[in-house]
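One file, entry25.cif, is given below (mmCIF, C-alpha atoms and all ligand atoms).
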data_upload
#
loop_
_atom_site.label_atom_id
_atom_site.label_comp_id
_atom_site.auth_asym_id
_atom_site.auth_seq_id
_atom_site.Cartn_x
_atom_site.Cartn_y
_atom_site.Cartn_z
CA MET A 18 124.74 -39.34 190.67
CA LEU A 19 126.07 -42.07 192.96
CA ASP A 20 129.00 -44.15 191.73
CA VAL A 21 129.65 -46.75 194.44
CA ASN A 22 133.04 -47.60 192.95
CA GLU A 23 134.30 -44.14 193.87
CA LEU A 24 133.45 -44.30 197.56
CA ILE A 25 136.20 -46.56 198.89
CA ASP A 26 139.80 -46.76 197.66
CA VAL A 27 141.20 -49.88 199.32
CA GLU A 28 144.67 -49.48 197.89
CA ALA A 29 145.02 -45.85 198.94
CA GLY A 30 143.30 -46.45 202.31
CA THR A 31 140.84 -43.59 201.77
CA GLN A 32 137.05 -43.25 201.90
CA SER A 33 134.57 -40.70 200.61
CA ARG A 34 133.15 -38.28 203.20
CA ARG A 35 129.66 -38.97 201.78
CA ILE A 36 129.46 -42.40 203.44
CA PHE A 37 128.60 -40.81 206.80
CA TRP A 38 125.52 -38.82 205.76
CA ASP A 39 124.31 -39.51 202.20
CA LYS A 40 120.69 -40.70 201.98
CA GLU A 41 121.18 -42.46 198.65
CA ILE A 42 124.12 -44.45 200.03
CA TYR A 43 122.07 -45.27 203.12
CA GLU A 44 119.21 -46.71 201.06
CA LEU A 45 121.71 -48.90 199.23
CA GLU A 46 123.18 -50.02 202.57
CA LEU A 47 119.73 -51.17 203.74
CA GLU A 48 119.49 -53.36 200.63
CA ARG A 49 123.06 -54.54 200.10
CA VAL A 50 124.64 -54.49 203.57
CA PHE A 51 121.85 -55.07 206.07
CA GLY A 52 119.71 -57.06 203.61
CA ARG A 53 122.56 -59.41 202.82
CA CYS A 54 124.75 -59.91 205.90
CA TRP A 55 124.28 -61.85 209.13
CA LEU A 56 123.10 -59.46 211.87
CA PHE A 57 123.27 -60.08 215.61
CA LEU A 58 119.79 -60.78 217.02
CA ALA A 59 120.14 -62.06 220.57
CA HIS A 60 122.13 -64.32 222.84
CA GLU A 61 120.55 -67.66 223.75
CA SER A 62 120.88 -66.74 227.43
CA GLN A 63 118.19 -64.08 226.86
CA ILE A 64 115.66 -66.68 225.65
CA PRO A 65 116.56 -69.85 227.58
CA ASN A 66 113.12 -71.55 227.52
CA PRO A 67 110.49 -72.43 224.89
CA ASN A 68 108.17 -69.43 224.19
CA ASP A 69 110.73 -66.88 225.49
CA TYR A 70 111.13 -63.92 223.15
CA VAL A 71 113.06 -60.68 222.74
CA THR A 72 112.41 -57.84 220.32
CA THR A 73 115.19 -56.19 218.36
CA ARG A 74 115.85 -54.71 214.95
CA MET A 75 117.57 -55.67 211.73
CA ALA A 76 118.54 -52.19 210.52
CA GLU A 77 115.18 -50.38 210.56
CA ASP A 78 113.00 -53.52 210.50
CA ASP A 79 111.52 -54.46 213.88
CA VAL A 80 112.12 -58.11 214.61
CA LEU A 81 110.73 -60.61 217.13
CA VAL A 82 113.09 -63.44 218.13
CA TRP A 83 111.08 -66.35 219.55
CA ARG A 84 112.28 -69.62 221.13
CA GLN A 85 110.29 -72.59 219.73
CA ALA A 86 108.84 -75.61 221.52
CA ASP A 87 111.65 -77.79 220.09
CA GLY A 88 114.38 -75.46 221.40
CA SER A 89 115.19 -73.91 218.02
CA THR A 90 114.92 -70.17 217.44
CA LYS A 91 112.86 -68.36 214.82
CA ALA A 92 112.76 -64.67 214.01
CA PHE A 93 109.90 -62.73 212.43
CA LEU A 94 109.21 -59.20 211.30
CA ASN A 95 107.50 -57.75 214.36
CA GLN A 96 104.53 -56.45 212.45
CA CYS A 97 100.87 -57.44 212.25
CA LEU A 98 99.75 -58.64 208.83
CA HIS A 99 96.38 -56.84 209.15
CA ARG A 100 96.90 -53.08 209.24
CA GLY A 101 100.61 -53.21 209.97
CA THR A 102 101.02 -52.04 213.52
CA LYS A 103 103.92 -53.30 215.62
CA LEU A 104 102.87 -56.64 217.05
CA CYS A 105 104.95 -57.07 220.20
CA MET A 106 105.59 -53.90 222.18
CA ALA A 107 107.55 -55.53 225.01
CA GLU A 108 111.33 -55.72 225.04
CA ALA A 109 111.30 -59.33 226.24
CA GLY A 110 108.91 -61.87 227.74
CA SER A 111 107.48 -65.35 227.43
CA ALA A 112 104.24 -66.31 225.65
CA ASN A 113 102.96 -69.09 223.42
CA ALA A 114 100.93 -66.52 221.45
CA LEU A 115 100.79 -62.75 221.00
CA SER A 116 97.73 -60.63 220.20
CA CYS A 117 97.88 -57.42 218.22
CA ILE A 118 96.79 -54.38 220.25
CA TYR A 119 94.85 -52.88 217.32
CA HIS A 120 92.11 -55.42 216.39
CA GLY A 121 93.29 -58.51 218.23
CA TRP A 122 94.65 -60.87 215.56
CA GLN A 123 96.60 -63.51 217.42
CA TYR A 124 99.80 -65.29 216.30
CA ASP A 125 101.47 -68.33 217.87
CA ALA A 126 105.21 -68.76 218.54
CA ALA A 127 105.69 -70.48 215.16
CA GLY A 128 104.32 -67.34 213.50
CA ASN A 129 100.95 -68.78 212.44
CA LEU A 130 97.89 -66.56 212.49
CA LYS A 131 95.71 -68.54 214.92
CA THR A 132 92.64 -66.45 215.73
CA VAL A 133 90.91 -63.44 214.27
CA PRO A 134 88.25 -61.83 216.50
CA LEU A 135 84.69 -62.32 215.15
CA GLU A 136 86.11 -64.09 212.11
CA ASN A 137 82.96 -66.03 211.19
CA MET A 138 80.64 -63.04 211.59
CA LEU A 139 82.80 -60.51 209.74
CA TYR A 140 84.80 -62.52 207.21
CA GLY A 141 82.76 -65.71 206.73
CA ASP A 142 85.22 -68.15 205.18
CA SER A 143 86.95 -65.56 202.99
CA LEU A 144 90.09 -65.08 205.11
CA ASP A 145 92.94 -67.49 204.32
CA LYS A 146 94.76 -67.46 207.65
CA SER A 147 97.44 -69.81 206.33
CA LYS A 148 98.73 -66.98 204.11
CA LEU A 149 98.74 -64.39 206.86
CA GLY A 150 101.42 -65.76 209.19
CA LEU A 151 104.21 -63.51 210.43
CA ARG A 152 106.95 -62.88 207.86
CA GLU A 153 109.86 -65.05 208.90
CA VAL A 154 113.55 -64.09 208.74
CA PRO A 155 114.73 -66.78 206.30
CA ARG A 156 118.01 -67.63 208.02
CA VAL A 157 118.62 -67.86 211.77
CA GLU A 158 121.77 -69.56 213.07
CA SER A 159 123.75 -69.36 216.26
CA TYR A 160 127.41 -69.72 217.13
CA ARG A 161 128.58 -70.14 220.72
CA GLY A 162 125.15 -68.94 221.89
CA PHE A 163 125.16 -65.77 219.76
CA VAL A 164 122.09 -65.83 217.50
CA PHE A 165 122.31 -64.08 214.14
CA GLY A 166 119.71 -63.61 211.42
CA CYS A 167 120.07 -63.00 207.70
CA MET A 168 117.47 -61.78 205.23
CA ASP A 169 119.25 -63.27 202.23
CA PRO A 170 118.50 -66.98 201.62
CA ASP A 171 121.63 -67.21 199.42
CA ALA A 172 124.08 -66.05 202.08
CA PRO A 173 126.83 -68.44 203.20
CA SER A 174 126.38 -70.06 206.63
CA LEU A 175 126.97 -67.95 209.73
CA GLU A 176 130.18 -69.85 210.45
CA GLU A 177 131.51 -69.17 206.95
CA PHE A 178 130.53 -65.51 207.32
CA LEU A 179 132.49 -65.28 210.59
CA GLY A 180 135.47 -66.58 208.62
CA ASP A 181 138.87 -66.11 210.23
CA ASP A 182 137.21 -64.16 213.03
CA LYS A 183 135.73 -67.44 214.33
CA TRP A 184 139.16 -68.57 215.59
CA TYR A 185 139.39 -65.39 217.65
CA MET A 186 135.78 -65.57 218.84
CA ASP A 187 136.46 -69.11 220.04
CA ILE A 188 139.17 -67.71 222.28
CA TRP A 189 137.27 -64.87 223.92
CA SER A 190 134.01 -66.79 224.31
CA ASP A 191 135.47 -70.13 225.43
CA VAL A 192 135.54 -69.49 229.17
CA PRO A 193 134.46 -72.58 231.18
CA GLY A 194 130.63 -72.57 231.15
CA GLY A 195 130.45 -70.03 228.33
CA VAL A 196 129.38 -66.39 228.27
CA GLU A 197 126.05 -64.61 228.49
CA LEU A 198 124.56 -61.14 228.05
CA LEU A 199 123.13 -59.44 231.12
CA GLY A 200 120.07 -57.30 230.56
CA PRO A 201 117.93 -55.42 230.31
CA PRO A 202 120.25 -53.52 228.01
CA GLY A 203 120.94 -49.79 228.14
CA ARG A 204 119.61 -47.79 225.20
CA SER A 205 120.39 -44.39 223.77
CA ILE A 206 119.91 -42.44 220.56
CA ILE A 207 122.88 -40.58 219.07
CA ARG A 208 123.16 -38.35 216.02
CA THR A 209 125.80 -40.22 214.10
CA ASN A 210 126.21 -42.73 211.29
CA TRP A 211 126.15 -46.44 212.19
CA LYS A 212 129.57 -47.11 210.63
CA LEU A 213 131.46 -44.65 212.86
CA PRO A 214 131.20 -46.53 216.17
CA THR A 215 131.69 -49.84 214.36
CA GLU A 216 134.93 -48.64 212.77
CA GLY A 217 135.99 -47.22 216.14
CA PHE A 218 135.64 -50.61 217.80
CA VAL A 219 136.95 -52.62 214.84
CA GLY A 220 140.47 -51.45 215.46
CA ASP A 221 140.99 -47.83 216.50
CA VAL A 222 143.35 -48.07 219.46
CA TYR A 223 145.02 -44.84 218.30
CA HIS A 224 142.30 -42.58 219.79
CA LEU A 225 142.70 -43.78 223.39
CA GLY A 226 145.26 -41.29 224.67
CA MET A 227 143.58 -38.24 223.10
CA THR A 228 139.85 -38.95 223.21
CA HIS A 229 139.88 -40.63 226.62
CA GLY A 230 142.82 -38.60 227.97
CA SER A 231 140.91 -36.93 230.80
CA ILE A 232 139.34 -40.08 232.26
CA LEU A 233 142.66 -41.94 231.98
CA LYS A 234 144.32 -39.08 233.83
CA ALA A 235 141.60 -39.12 236.47
CA ILE A 236 142.19 -42.80 237.19
CA ALA A 237 145.97 -42.35 236.82
CA ARG A 238 146.49 -44.76 233.93
CA PRO A 239 148.66 -44.40 230.86
CA ALA A 240 146.68 -44.86 227.60
CA ALA A 241 148.35 -48.04 226.41
CA ASP A 242 151.69 -49.24 225.15
CA PHE A 243 151.46 -48.28 221.46
CA GLY A 244 154.81 -49.75 220.45
CA PRO A 245 155.71 -52.85 218.44
CA GLY A 246 154.82 -56.14 220.12
CA ALA A 247 152.22 -54.57 222.42
CA GLY A 248 149.41 -56.42 220.70
CA LEU A 249 147.83 -57.56 217.49
CA GLN A 250 145.27 -56.32 214.99
CA SER A 251 143.45 -58.59 212.58
CA THR A 252 140.87 -58.34 209.80
CA SER A 253 138.96 -61.01 207.90
CA ARG A 254 137.24 -61.56 204.55
CA TYR A 255 133.78 -60.37 205.54
CA GLY A 256 134.91 -57.21 207.28
CA HIS A 257 135.07 -58.35 210.93
CA GLY A 258 138.12 -57.28 212.86
CA HIS A 259 139.62 -56.42 216.21
CA ALA A 260 142.65 -55.13 218.09
CA ILE A 261 144.10 -57.06 221.00
CA GLN A 262 146.29 -55.49 223.69
CA PHE A 263 148.53 -57.93 225.52
CA MET A 264 147.82 -56.30 228.91
CA HIS A 265 145.61 -58.07 231.42
CA GLN A 266 142.09 -57.66 230.16
CA ASN A 267 140.49 -56.44 233.38
CA SER A 268 143.04 -53.88 234.51
CA LEU A 269 141.13 -50.91 233.04
CA LEU A 270 137.77 -52.20 234.28
CA HIS A 271 139.12 -52.63 237.79
CA SER A 272 140.62 -49.12 237.78
CA VAL A 273 137.21 -47.66 236.96
CA SER A 274 135.22 -50.02 239.20
CA PRO A 275 137.30 -51.14 242.19
CA GLU A 276 134.19 -52.54 243.90
CA LEU A 277 133.93 -55.10 241.08
CA ALA A 278 137.60 -56.02 241.46
CA GLU A 279 136.88 -57.16 245.05
CA VAL A 280 134.66 -60.03 243.88
CA HIS A 281 135.76 -60.60 240.28
CA GLN A 282 136.89 -64.07 239.16
CA VAL A 283 139.38 -62.94 236.53
CA ARG A 284 140.26 -65.20 233.62
CA LYS A 285 143.47 -67.18 234.04
CA PRO A 286 145.47 -69.00 231.34
CA GLU A 287 144.99 -72.26 233.27
CA ASP A 288 141.18 -72.06 232.74
CA LEU A 289 141.75 -73.47 229.26
CA PRO A 290 142.07 -77.15 228.28
CA GLU A 291 145.55 -78.59 227.80
CA ASP A 292 145.43 -78.60 224.00
CA ARG A 293 145.56 -74.77 223.81
CA THR A 294 148.76 -73.06 222.70
CA ASP A 295 150.58 -70.41 224.70
CA ASP A 296 149.39 -67.81 222.18
CA GLN A 297 145.77 -68.82 222.68
CA ARG A 298 146.25 -68.56 226.45
CA LYS A 299 147.80 -65.12 226.10
CA LEU A 300 144.93 -63.84 223.94
CA TYR A 301 142.38 -65.35 226.34
CA THR A 302 143.50 -62.99 229.12
CA SER A 303 144.17 -59.95 226.88
CA PHE A 304 142.06 -56.85 226.31
CA TRP A 305 140.13 -56.76 223.02
CA ASP A 306 138.07 -54.29 221.06
CA GLY A 307 136.31 -55.67 218.02
CA SER A 308 133.37 -55.51 215.62
CA PHE A 309 131.35 -57.99 213.65
CA PHE A 310 130.52 -56.51 210.26
CA PRO A 311 128.28 -54.59 209.83
CA ASN A 312 127.13 -53.08 213.18
CA CYS A 313 127.91 -55.09 216.31
CA SER A 314 130.86 -54.48 218.65
CA TYR A 315 132.43 -55.73 221.86
CA LEU A 316 135.14 -55.02 224.40
CA ILE A 317 136.63 -58.06 226.09
CA GLY A 318 138.00 -56.93 229.44
CA LEU A 319 135.54 -54.07 229.81
CA ASN A 320 132.86 -56.74 229.23
CA VAL A 321 130.76 -54.64 226.87
CA PHE A 322 128.61 -55.91 223.98
CA LYS A 323 126.82 -53.47 221.68
CA VAL A 324 124.68 -53.13 218.59
CA TRP A 325 124.53 -49.88 216.62
CA HIS A 326 121.11 -49.90 214.90
CA PRO A 327 120.78 -47.34 212.10
CA ILE A 328 117.83 -44.93 212.11
CA GLY A 329 118.51 -43.12 208.87
CA PRO A 330 122.00 -42.07 207.70
CA ASP A 331 122.66 -39.75 210.64
CA LYS A 332 121.01 -41.34 213.67
CA ILE A 333 121.55 -44.60 215.58
CA GLU A 334 120.06 -46.47 218.50
CA ILE A 335 122.78 -47.94 220.72
CA VAL A 336 121.94 -51.08 222.70
CA THR A 337 124.45 -52.07 225.40
CA TRP A 338 124.70 -55.27 227.45
CA ALA A 339 127.19 -56.49 230.03
CA LEU A 340 129.01 -59.50 228.60
CA ALA A 341 129.52 -61.87 231.53
CA ASP A 342 131.14 -65.23 232.10
CA LYS A 343 128.32 -67.58 233.16
CA ARG A 344 130.38 -68.87 236.06
CA MET A 345 130.31 -65.45 237.80
CA SER A 346 128.34 -65.20 241.05
CA ASP A 347 125.12 -63.15 241.14
CA GLU A 348 126.91 -60.42 243.11
CA GLU A 349 129.73 -60.34 240.55
CA LYS A 350 127.18 -60.01 237.74
CA ARG A 351 125.39 -57.21 239.56
CA ARG A 352 128.60 -55.26 240.08
CA LEU A 353 129.72 -55.97 236.52
CA THR A 354 126.45 -54.58 235.14
CA VAL A 355 126.97 -51.37 237.12
CA ALA A 356 130.58 -51.16 235.90
CA VAL A 357 129.60 -51.65 232.23
CA HIS A 358 126.92 -48.97 232.29
CA ARG A 359 129.21 -46.64 234.21
CA THR A 360 131.88 -46.92 231.50
CA PHE A 361 129.99 -47.62 228.25
CA GLY A 362 126.32 -46.99 229.11
CA THR A 363 124.28 -43.98 227.97
CA ALA A 364 126.13 -41.60 230.30
CA GLY A 365 129.24 -43.74 230.56
CA THR A 366 132.52 -41.99 231.23
CA LEU A 367 134.18 -43.53 228.15
CA GLU A 368 131.08 -43.70 225.93
CA GLY A 369 130.54 -39.93 226.19
CA ASP A 370 134.08 -39.21 224.95
CA ASP A 371 133.60 -41.40 221.88
CA MET A 372 130.14 -40.17 220.94
CA ASP A 373 131.30 -36.53 220.69
CA ASN A 374 133.77 -37.60 217.99
CA PHE A 375 131.21 -39.74 216.17
CA GLU A 376 128.67 -36.90 216.06
CA PHE A 377 131.21 -34.41 214.71
CA CYS A 378 132.12 -36.73 211.84
CA VAL A 379 128.63 -36.47 210.32
CA ARG A 380 127.18 -32.97 209.86
CA PRO A 381 130.49 -31.19 209.11
CA ASN A 382 131.32 -33.68 206.33
CA LYS A 383 128.20 -32.56 204.42
CA GLY A 384 129.69 -29.17 203.60
CA TYR A 385 129.82 -28.67 199.83
CA PHE A 386 133.59 -28.20 199.76
CA THR A 387 134.35 -30.50 202.70
CA ARG A 388 132.57 -33.42 201.06
CA GLN A 389 134.97 -33.27 198.12
CA GLY A 390 137.88 -34.39 200.32
CA LYS A 391 138.69 -37.91 201.44
CA LEU A 392 138.85 -39.64 204.83
CA ASN A 393 142.21 -41.15 205.70
CA ALA A 394 142.83 -44.62 207.18
CA GLN A 395 146.38 -45.20 205.97
CA MET A 396 148.13 -46.08 209.23
CA GLY A 397 150.16 -49.27 208.91
CA LYS A 398 149.80 -49.49 205.12
CA GLY A 399 152.51 -51.79 203.85
CA ASN A 400 152.95 -53.51 207.24
CA ALA A 401 150.06 -55.98 207.01
CA ARG A 402 151.11 -59.64 206.96
CA LEU A 403 149.95 -63.23 207.03
CA ASP A 404 151.06 -64.94 210.22
CA PRO A 405 151.30 -68.72 210.65
CA LYS A 406 149.97 -68.43 214.21
CA PHE A 407 147.15 -65.92 213.76
CA PRO A 408 144.36 -66.21 211.14
CA GLY A 409 143.30 -63.32 208.90
CA VAL A 410 145.48 -60.47 207.73
CA VAL A 411 147.31 -59.07 210.76
CA ASP A 412 149.38 -56.10 211.89
CA GLU A 413 150.62 -54.46 215.07
CA MET A 414 147.87 -53.45 217.50
CA VAL A 415 147.98 -49.73 216.62
CA SER A 416 147.17 -49.70 212.93
CA GLU A 417 144.24 -48.87 210.64
CA LEU A 418 144.37 -52.25 208.91
CA SER A 419 141.04 -53.38 210.40
CA ILE A 420 139.34 -50.16 209.36
CA ARG A 421 140.62 -50.67 205.80
CA GLY A 422 139.44 -54.30 205.95
CA TYR A 423 136.01 -53.21 207.17
CA TYR A 424 135.55 -50.73 204.32
CA ARG A 425 136.99 -53.16 201.78
CA PHE A 426 134.13 -55.56 202.40
CA TYR A 427 131.65 -52.67 202.71
CA ALA A 428 132.64 -51.53 199.22
CA ASP A 429 132.21 -55.09 197.91
CA CYS A 430 128.69 -55.20 199.41
CA LEU A 431 127.61 -51.91 197.83
CA ALA A 432 128.92 -52.94 194.41
CA SER A 433 127.37 -56.43 194.35
CA GLU A 434 123.88 -57.39 193.18
CA ASN A 435 123.85 -60.69 195.10
CA TRP A 436 125.99 -63.09 197.16
CA GLU A 437 127.40 -64.81 194.10
CA GLU A 438 128.88 -61.51 192.91
CA LEU A 439 129.92 -60.63 196.42
CA GLN A 440 131.85 -63.88 196.83
CA LYS A 441 133.66 -63.29 193.54
CA ARG A 442 134.43 -59.70 194.35
CA SER A 443 135.85 -60.51 197.82
CA GLU A 444 137.89 -63.55 196.71
CA LYS A 445 141.18 -61.63 196.54
CA TRP A 446 140.68 -59.83 199.82
CA LYS A 447 144.06 -60.75 201.26
CA GLU A 448 145.99 -59.49 198.23
CA GLN A 449 144.02 -56.24 198.41
CA LEU A 450 145.13 -55.61 201.98
CA LEU A 451 148.73 -56.84 201.90
S1 LIG A 501 96.51 -54.18 212.82
FE1 LIG A 501 96.82 -55.96 213.96
S2 LIG A 501 94.85 -56.79 214.22
FE2 LIG A 501 94.51 -55.03 213.02
FE FE A 502 136.89 -44.95 222.66
#
Kindly return the structure encoded in the file as structure tokens.
Ligand code: FES
Ligand SMILES: [Fe+2]
Amino acid sequence: MLDVNELIDVEAGTQSRRIFWDKEIYELELERVFGRCWLFLAHESQIPNPNDYVTTRMAEDDVLVWRQADGSTKAFLNQCLHRGTKLCMAEAGSANALSCIYHGWQYDAAGNLKTVPLENMLYGDSLDKSKLGLREVPRVESYRGFVFGCMDPDAPSLEEFLGDDKWYMDIWSDVPGGVELLGPPGRSIIRTNWKLPTEGFVGDVYHLGMTHGSILKAIARPAADFGPGAGLQSTSRYGHGHAIQFMHQNSLLHSVSPELAEVHQVRKPEDLPEDRTDDQRKLYTSFWDGSFFPNCSYLIGLNVFKVWHPIGPDKIEIVTWALADKRMSDEEKRRLTVAVHRTFGTAGTLEGDDMDNFEFCVRPNKGYFTRQGKLNAQMGKGNARLDPKFPGVVDEMVSELSIRGYYRFYADCLASENWEELQKRSEKWKEQLL
């Protein structure tokens, strides 16, 4: 019998080993995590013009994200209302209407069912096409060009959901001209649970020296300065978090891809308008790893942007883009794309190291005796603080604060019937983490 209140102990900093493989927990996640939170859908740079579309997923639901004639964006379940086959098979394209490959029902970009082959002959006037439009994702909002969708009409706005993380996102995305995602993305399927890579990116700097030891040795780099003052970790109310290393953000990328370094316009503190503080300038050129709750991650400085789509409790589809500054030249973007897929693509030198760990955290934790133990994320407990200069709850860079913050909100999601309950339950989030 599943008792969700026993899965996560925020105060102790421990988690049940069941969360990485249990089917019952997974079904509840589909309803209460993915059915309730804002999920990354696309970046506006992927659909710049009316009628442009991309296909993606919200957890296991296929979704079609379609730019409208008025410039707004709508998202629909990518599924024909007739016999239910997938409507749009392409990854991306541009069309003012799409026809189903099965019997040819045709839908326009606003989701209306426009034509049904041989309608008069076969249906007479019995088919009410107005009730057979594509099922629309009820909430679609974008922030700084990043488009998110939410299945819950009662959810707070996207900006409220980003919470304290918005201040940080403003820093890494506010390069002159903005940022964009370069595609087509890389894709791979891995046997792991969707939370493992997200928690890795949300704030696990600790693993660098061990997990990535051989590649760091090969390129003659020390892992990182793990000591006090080397960086900052932060977590926010709705589970988003990141770790920031105060080294120059591109130094690792350039070590792995020297041919990119030759043409790369690196970020400089003076790029920013005069009203920015010295701290904001320092963070702007620092190296970041981070995750948006529940399943989207990024590396600023390795220029990687990822979504971890669940396919059951023990399988994920990874989608990887290069995250570029729009002001980069075409040649810079080309070399950056190569660099991103070389490091964090399907066969990326760093990606491969991480995925081995993520896979081995799933099957072995199912063992009857193993599952009775707890996972430990206690590093930095007691050190978390509020800081007048940095929003959220913060700690030194090497800490497990963000992992605890991620699972704190995860536990709130699983225990709540709706957003009203979820808001109440997460009200005291700071006190829980301090
Ligand atoms: S299933 Fe789409 S037209 Fe029949
Ligand atoms: Fe890693």
Using only C-alpha atoms and all ligand atoms, which residue out of A:Phe57, A:Trp446, A:Trp122, A:Phe37 lies closest to ligand LIG 501 (chain A)?
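Distance minimum relative to ligand LIG 501 (chain A) lands on A:Trp122.
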Grab all the atoms of ligand LIG 501 (chain A) that the file lists, wrap them in a box along x, y and z, add 6 Å per side, and give me centre plus edge lengths in Å (one decimal) as JSON.
{"center_x": 95.7, "center_y": -55.5, "center_z": 213.5, "size_x": 14.3, "size_y": 14.6, "size_z": 13.4}
Could you give me, as CSV, every chain A residue with an atom at most 9 Å from ligand LIG 501 (chain A), plus its closest atom pair and distance in Å to one decimal, counting all atoms listed in the file, rows ordered by chain then number?
residue,atom,partner,partner_atom,distance
A:Gln96,CA,A:LIG501,FE1,7.9
A:Cys97,CA,A:LIG501,FE1,4.6
A:Leu98,CA,A:LIG501,FE1,6.5
A:His99,CA,A:LIG501,S1,4.5
A:Arg100,CA,A:LIG501,S1,3.8
A:Gly101,CA,A:LIG501,S1,5.1
A:Thr102,CA,A:LIG501,S1,5.0
A:Lys103,CA,A:LIG501,FE1,7.8
A:Leu104,CA,A:LIG501,FE1,6.8
A:Ser116,CA,A:LIG501,S2,7.7
A:Cys117,CA,A:LIG501,FE1,4.6
A:Ile118,CA,A:LIG501,FE1,6.5
A:Tyr119,CA,A:LIG501,FE2,4.8
A:His120,CA,A:LIG501,S2,3.8
A:Gly121,CA,A:LIG501,S2,4.6
A:Trp122,CA,A:LIG501,S2,4.3
A:Gln123,CA,A:LIG501,S2,7.6
A:Val133,CA,A:LIG501,S2,7.7
A:Pro134,CA,A:LIG501,S2,8.6
Could you give me, as a PDB file with C-alpha atoms, in the frame of the given file, the residues within 8 Å of range 18-35 of chain A, counting only C-alpha atoms and dropping anything in the same chain fewer than 4 positions from it?
ATOM      1  CA  ASP A  39     124.310 -39.510 202.200  1.00  0.00           C
ATOM      2  CA  GLU A  41     121.180 -42.460 198.650  1.00  0.00           C
ATOM      3  CA  ILE A  42     124.120 -44.450 200.030  1.00  0.00           C
ATOM      4  CA  ASN A 382     131.320 -33.680 206.330  1.00  0.00           C
ATOM      5  CA  LYS A 383     128.200 -32.560 204.420  1.00  0.00           C
ATOM      6  CA  THR A 387     134.350 -30.500 202.700  1.00  0.00           C
ATOM      7  CA  ARG A 388     132.570 -33.420 201.060  1.00  0.00           C
ATOM      8  CA  GLN A 389     134.970 -33.270 198.120  1.00  0.00           C
ATOM      9  CA  GLY A 390     137.880 -34.390 200.320  1.00  0.00           C
ATOM     10  CA  LYS A 391     138.690 -37.910 201.440  1.00  0.00           C
ATOM     11  CA  LEU A 392     138.850 -39.640 204.830  1.00  0.00           C
ATOM     12  CA  ASN A 393     142.210 -41.150 205.700  1.00  0.00           C
ATOM     13  CA  ALA A 394     142.830 -44.620 207.180  1.00  0.00           C
ATOM     14  CA  GLN A 395     146.380 -45.200 205.970  1.00  0.00           C
ATOM     15  CA  LYS A 398     149.800 -49.490 205.120  1.00  0.00           C
ATOM     16  CA  ARG A 421     140.620 -50.670 205.800  1.00  0.00           C
ATOM     17  CA  TYR A 424     135.550 -50.730 204.320  1.00  0.00           C
ATOM     18  CA  ARG A 425     136.990 -53.160 201.780  1.00  0.00           C
ATOM     19  CA  ALA A 428     132.640 -51.530 199.220  1.00  0.00           C
ATOM     20  CA  LEU A 431     127.610 -51.910 197.830  1.00  0.00           C
ATOM     21  CA  ALA A 432     128.920 -52.940 194.410  1.00  0.00           C
ATOM     22  CA  GLN A 449     144.020 -56.240 198.410  1.00  0.00           C
ATOM     23  CA  LEU A 450     145.130 -55.610 201.980  1.00  0.00           C
TER      24      LEU A 450
END
Which polymer residues have any atom within 10 Å of an atom of Lys299 in chain A, counting only C-alpha atoms, with same-chain residues fewer than 3 positions away left out, as an MDAnalysis selection string?
chainID A and resid 188 263:265 285:286 294:296 302:303
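Where the distance criterion is 7 Å and the atoms used are all atoms listed in the file, the residues close to ligand FE 502 (chain A) are Gly217, His224, Leu225, Thr228, His229, Leu367, Glu368, Asp370 and Asp371 of chain A.
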Since the input lacks some atoms of range 429-435 of chain A, please model N, CA, C and O atoms and print them as a CSV table (one decimal), keeping the file's coordinate frame.
chain,number,residue,atom,x,y,z
A,429,ASP,N,132.6,-53.9,198.7
A,429,ASP,CA,132.2,-55.1,197.9
A,429,ASP,C,130.7,-55.3,198.0
A,429,ASP,O,130.0,-55.6,197.0
A,430,CYS,N,130.2,-55.1,199.2
A,430,CYS,CA,128.7,-55.2,199.4
A,430,CYS,C,127.9,-54.2,198.5
A,430,CYS,O,127.0,-54.6,197.8
A,431,LEU,N,128.4,-52.9,198.6
A,431,LEU,CA,127.6,-51.9,197.8
A,431,LEU,C,127.7,-52.2,196.3
A,431,LEU,O,126.7,-51.9,195.6
A,432,ALA,N,128.7,-52.8,195.9
A,432,ALA,CA,128.9,-52.9,194.4
A,432,ALA,C,128.3,-54.2,193.9
A,432,ALA,O,128.2,-54.4,192.7
A,433,SER,N,127.8,-55.1,194.8
A,433,SER,CA,127.4,-56.4,194.4
A,433,SER,C,125.8,-56.6,194.4
A,433,SER,O,125.2,-56.1,195.3
A,434,GLU,N,125.3,-57.2,193.3
A,434,GLU,CA,123.9,-57.4,193.2
A,434,GLU,C,123.4,-58.5,194.1
A,434,GLU,O,122.2,-58.6,194.4
A,435,ASN,N,124.3,-59.5,194.4
A,435,ASN,CA,123.8,-60.7,195.1
A,435,ASN,C,125.1,-61.4,195.7
A,435,ASN,O,126.2,-60.9,195.5
